[in-house]
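Below is one structure, written out as structure tokens; the observations come after it.
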Amino acid sequence: MFSFSLIFRELDLFLSFTWRDWSFTLIPATIFTVGAMQGLSITTVISNYLFMICWMSHFLYFFNLSNQITGIVEDRIDKKDRPIPSGKVTLGGAKIRWMIILSSYLAIAIYEPSVLPETIAWVFTTAFVCLTSGGNHWFGKNNVAMTIATWAILGVSWKSMAPHSRNSQIWVYGMAVRTGIMMHIQDIRDIKGDAASGRKTMSIAFGDWETRLLISFVFCPLSLLILHLSHILEVAPWTITVSQLIVAYRVLQMNGSRYDHKTYMVRGICDIYFLQSLMKLFQVLHILSLWYSCIISHRMDKLDAVIEPNCIVLNSIR
């Protein structure tokens with residue numbers, strides 16, 4: 001009975017530390033993983049997906065423990081419900097869990113060397129964000145750290161299933177750079193907490209309204225350009241463009257921190273939609289390549305067997 005209560009407590013603490021980030025880490029990673037599942041058996045897909053979930057859980061827990069251990073002052077202002085300021089766990093208890101998770105995180109990378117670059121990069125990036133003045137600056141916090149975070153999340157989600165293809169690498173780099181640019185949206189809702197903790201976000205450095213103008217009239221168009229160069233915009237050009245215009249419009253509305261938080265959530269939903277669009281394209285390309293192979297080899301009798309099941313999969317993705 002004691003062991004079960006201990007397990008449930010640790011699971012509850014894990015969720016309390018990380019729940020805010022699951023929707024924009026696990027869900028995009030899962031969607032992106034679909035593209036690498038082609039040709040794999042169901043048992044391989046399940047085992048590889050469970051590995052990805054394990055790595056992602058450590059990724060999240062390690063960062064959130066590090067960030068919340070070093071960011072107590074800010075959390076007491078903006079996020080009083082978090083485990084440390086709410087008293088759910090002591091600072092000493094959080095530090096012990098941090099050491100255990102770091103050791104386990106590195107052990108996973110040693111067990112599966114293909115994810116070692118992303119793991120090591122994220123450990124150093126977390127240290128940069130939490131322990132250096134550069135991590136408190138708007139460029140280091142978002143353009144550097146969040147770009148690396150997106151690269152690691154999407155890179156591992158694909159590599160956990162299959163080696164990178166040329167297209168998947170381009171998509172990962174494109175989404176990573178685009179996310180780093182657009183993540184400044186998260187800082188317009190946390191100005192008081194960031195100022196108290198000594199952070200130099202764009203909203204503090206340049207002013208709230210000036211930052212909103214930059215995001216809407218510079219970063220949003222630049223984001224569309226990056227999506228175009230990485231061949232993501234062409235998947236659903238009108239829908240993606242309109243979604244960016246909606247984000248730009250919402251950023252300009254100074255309706256309080258709750259409204260700004262919803263704007264940040266809209267930005268995340270747009271990212272998820274972009275990834276869904278990519279996976280639809282990947283599925284179509286896969287069907288066409290199989291179709292072409294059948295035609296070249298003059299095995300027309302296999303066309304129906306190739307197209308029918310894949311069309312069923314494609315419809316299910318919609």
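Identifiers in the structure tokens: chain A, B, ... in order shown; residue index from 1 per chain; ligand index from 1 in order shown.
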
For segment 132-146 of chain A, list every protein, DNA or RNA residue within 9 Å, evaluated using only C-alpha atoms, and leave out those in the same chain fewer than 5 positions away; present the list as a list in words.
Trp122, Thr125, Thr126, Ala127, Trp151, Ala176, Val177, Thr179, Gly180, Ile181, Met182, Met183, His184, Asp187, Asp194, Ser197, Gly198, Arg199, Lys200, Thr201, Met202, Ser203 and Ala205 of chain A

Mind checking which residues fall within 10 Å of Met52 of chain A, counting only C-alpha atoms, ignoring those fewer than 4 positions away in the same chain, and posting them as a list in words?
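My reading of the contact set: Leu26, Ala29, Thr30, Thr33, Ile46, Ser47, Asn48, Met56, Ser57, Val115, Ile153, Val156, Ser157, Trp158, Lys159, Ser160 and Met161 of chain A.
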
Where does DSSP see alpha helix (DSSP H) in segment 53-234 of chain A, if you list the residues as a ChimeraX atom specification?
/A:53-70,72-78,83-86,91-111,116-131,138,145-159,166-182,191-196,202-206,208-214,220-229

The residue from A:Val251, A:Lys88, A:Ser230, A:Gly174 with the smallest atom-to-atom distance to Asp208 of chain A, counting only C-alpha atoms, is A:Val251

Ile188 of chain A environment, 12 Å, only C-alpha atoms, sequence neighbours closer than 3 positions dropped, as a ChimeraX atom specification
/A:138,182-185,191-195,200-215,250-264

Rounded to one decimal place, report the atom CA of Ala109 of chain A-atom CA of Tyr49 of chain A distance in Å.
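So the two atoms, atom CA of Ala109 of chain A and atom CA of Tyr49 of chain A, lie 15.5 Å apart.
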
Residues at most 9 Å from segment 70-84 of chain A, counting only C-alpha atoms, excluding those fewer than 2 positions away in the same chain, as a list in words?
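Counting only the stated atoms, we get Leu13, Ser16, Phe17, Leu65, Ser66, Asn67, Gln68, Ser86, Gly87, Lys88, Val89, Thr90, Leu91, Ala94, Cys130, Leu131, Asp190, Lys192, Gly193, Asp194, Ala195, Ala196 and Ser197 of chain A.
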
Go ahead and write the selection's residues with N, CA and C atoms as a JSON list (two decimals), in the first residue's frame.
[["chain", "number", "residue", "atom", "x", "y", "z"],
["A", 13, "LEU", "N", 3.09, 14.77, -8.58],
["A", 13, "LEU", "CA", 4.09, 15.84, -8.63],
["A", 13, "LEU", "C", 4.59, 16.07, -10.05],
["A", 16, "SER", "N", 2.01, 17.97, -11.84],
["A", 16, "SER", "CA", 1.93, 19.33, -11.32],
["A", 16, "SER", "C", 3.05, 20.21, -11.86],
["A", 17, "PHE", "N", 4.23, 19.62, -12.03],
["A", 17, "PHE", "CA", 5.37, 20.37, -12.55],
["A", 17, "PHE", "C", 5.26, 20.60, -14.06],
["A", 65, "LEU", "N", 11.68, 21.18, -13.56],
["A", 65, "LEU", "CA", 12.32, 21.18, -12.24],
["A", 65, "LEU", "C", 13.40, 22.25, -12.18],
["A", 66, "SER", "N", 14.25, 22.31, -13.21],
["A", 66, "SER", "CA", 15.33, 23.30, -13.25],
["A", 66, "SER", "C", 14.76, 24.72, -13.24],
["A", 67, "ASN", "N", 13.76, 24.95, -14.07],
["A", 67, "ASN", "CA", 13.18, 26.29, -14.22],
["A", 67, "ASN", "C", 12.45, 26.74, -12.96],
["A", 68, "GLN", "N", 11.73, 25.81, -12.34],
["A", 68, "GLN", "CA", 10.95, 26.20, -11.16],
["A", 68, "GLN", "C", 11.79, 26.27, -9.89],
["A", 86, "SER", "N", 3.39, 26.66, -3.85],
["A", 86, "SER", "CA", 2.15, 26.23, -3.19],
["A", 86, "SER", "C", 2.42, 25.35, -1.98],
["A", 87, "GLY", "N", 3.67, 24.90, -1.81],
["A", 87, "GLY", "CA", 4.02, 24.05, -0.68],
["A", 87, "GLY", "C", 3.78, 22.57, -0.91],
["A", 88, "LYS", "N", 3.48, 22.20, -2.15],
["A", 88, "LYS", "CA", 3.23, 20.80, -2.45],
["A", 88, "LYS", "C", 4.49, 19.96, -2.32],
["A", 89, "VAL", "N", 5.63, 20.59, -2.57],
["A", 89, "VAL", "CA", 6.92, 19.93, -2.39],
["A", 89, "VAL", "C", 7.91, 20.99, -1.90],
["A", 90, "THR", "N", 8.88, 20.56, -1.11],
["A", 90, "THR", "CA", 9.88, 21.51, -0.61],
["A", 90, "THR", "C", 10.94, 21.75, -1.68],
["A", 91, "LEU", "N", 11.69, 22.83, -1.52],
["A", 91, "LEU", "CA", 12.77, 23.12, -2.45],
["A", 91, "LEU", "C", 13.81, 22.00, -2.42],
["A", 94, "ALA", "N", 12.52, 19.04, -4.35],
["A", 94, "ALA", "CA", 12.59, 19.28, -5.80],
["A", 94, "ALA", "C", 14.02, 19.08, -6.31],
["A", 130, "CYS", "N", 18.46, 28.75, -17.22],
["A", 130, "CYS", "CA", 18.20, 28.87, -15.78],
["A", 130, "CYS", "C", 19.33, 29.49, -14.97],
["A", 131, "LEU", "N", 20.56, 29.45, -15.50],
["A", 131, "LEU", "CA", 21.71, 29.82, -14.67],
["A", 131, "LEU", "C", 22.52, 31.01, -15.20],
["A", 190, "ASP", "N", 3.41, 37.79, -19.11],
["A", 190, "ASP", "CA", 4.10, 37.58, -17.84],
["A", 190, "ASP", "C", 5.03, 38.74, -17.47],
["A", 192, "LYS", "N", 4.96, 41.29, -15.28],
["A", 192, "LYS", "CA", 5.24, 41.54, -13.86],
["A", 192, "LYS", "C", 6.18, 40.49, -13.28],
["A", 193, "GLY", "N", 5.90, 39.22, -13.55],
["A", 193, "GLY", "CA", 6.75, 38.16, -13.03],
["A", 193, "GLY", "C", 8.14, 38.20, -13.62],
["A", 194, "ASP", "N", 8.25, 38.49, -14.91],
["A", 194, "ASP", "CA", 9.57, 38.57, -15.56],
["A", 194, "ASP", "C", 10.38, 39.72, -14.99],
["A", 195, "ALA", "N", 9.73, 40.86, -14.75],
["A", 195, "ALA", "CA", 10.44, 42.01, -14.18],
["A", 195, "ALA", "C", 10.94, 41.70, -12.77],
["A", 196, "ALA", "N", 10.12, 40.99, -11.99],
["A", 196, "ALA", "CA", 10.50, 40.65, -10.61],
["A", 196, "ALA", "C", 11.67, 39.69, -10.56],
["A", 197, "SER", "N", 11.77, 38.81, -11.55],
["A", 197, "SER", "CA", 12.84, 37.81, -11.56],
["A", 197, "SER", "C", 14.08, 38.29, -12.32]]

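If only C-alpha atoms are the atoms counted, then among A:Ser3, A:Ser223, A:Gln169, A:Thr25 the closest residue to Trp55 of chain A is A:Thr25.
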
Report, in Å to a single decimal, how far apart atom CA of Val34 of chain A and atom CA of Ser104 of chain A are.
26.4 Å

Nearest to Arg97 of chain A, chosen from A:Ser114, A:Gln244, A:Asn64, A:Thr147, with only C-alpha atoms counted in the distances
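Closest residue, counting only C-alpha atoms: A:Asn64.
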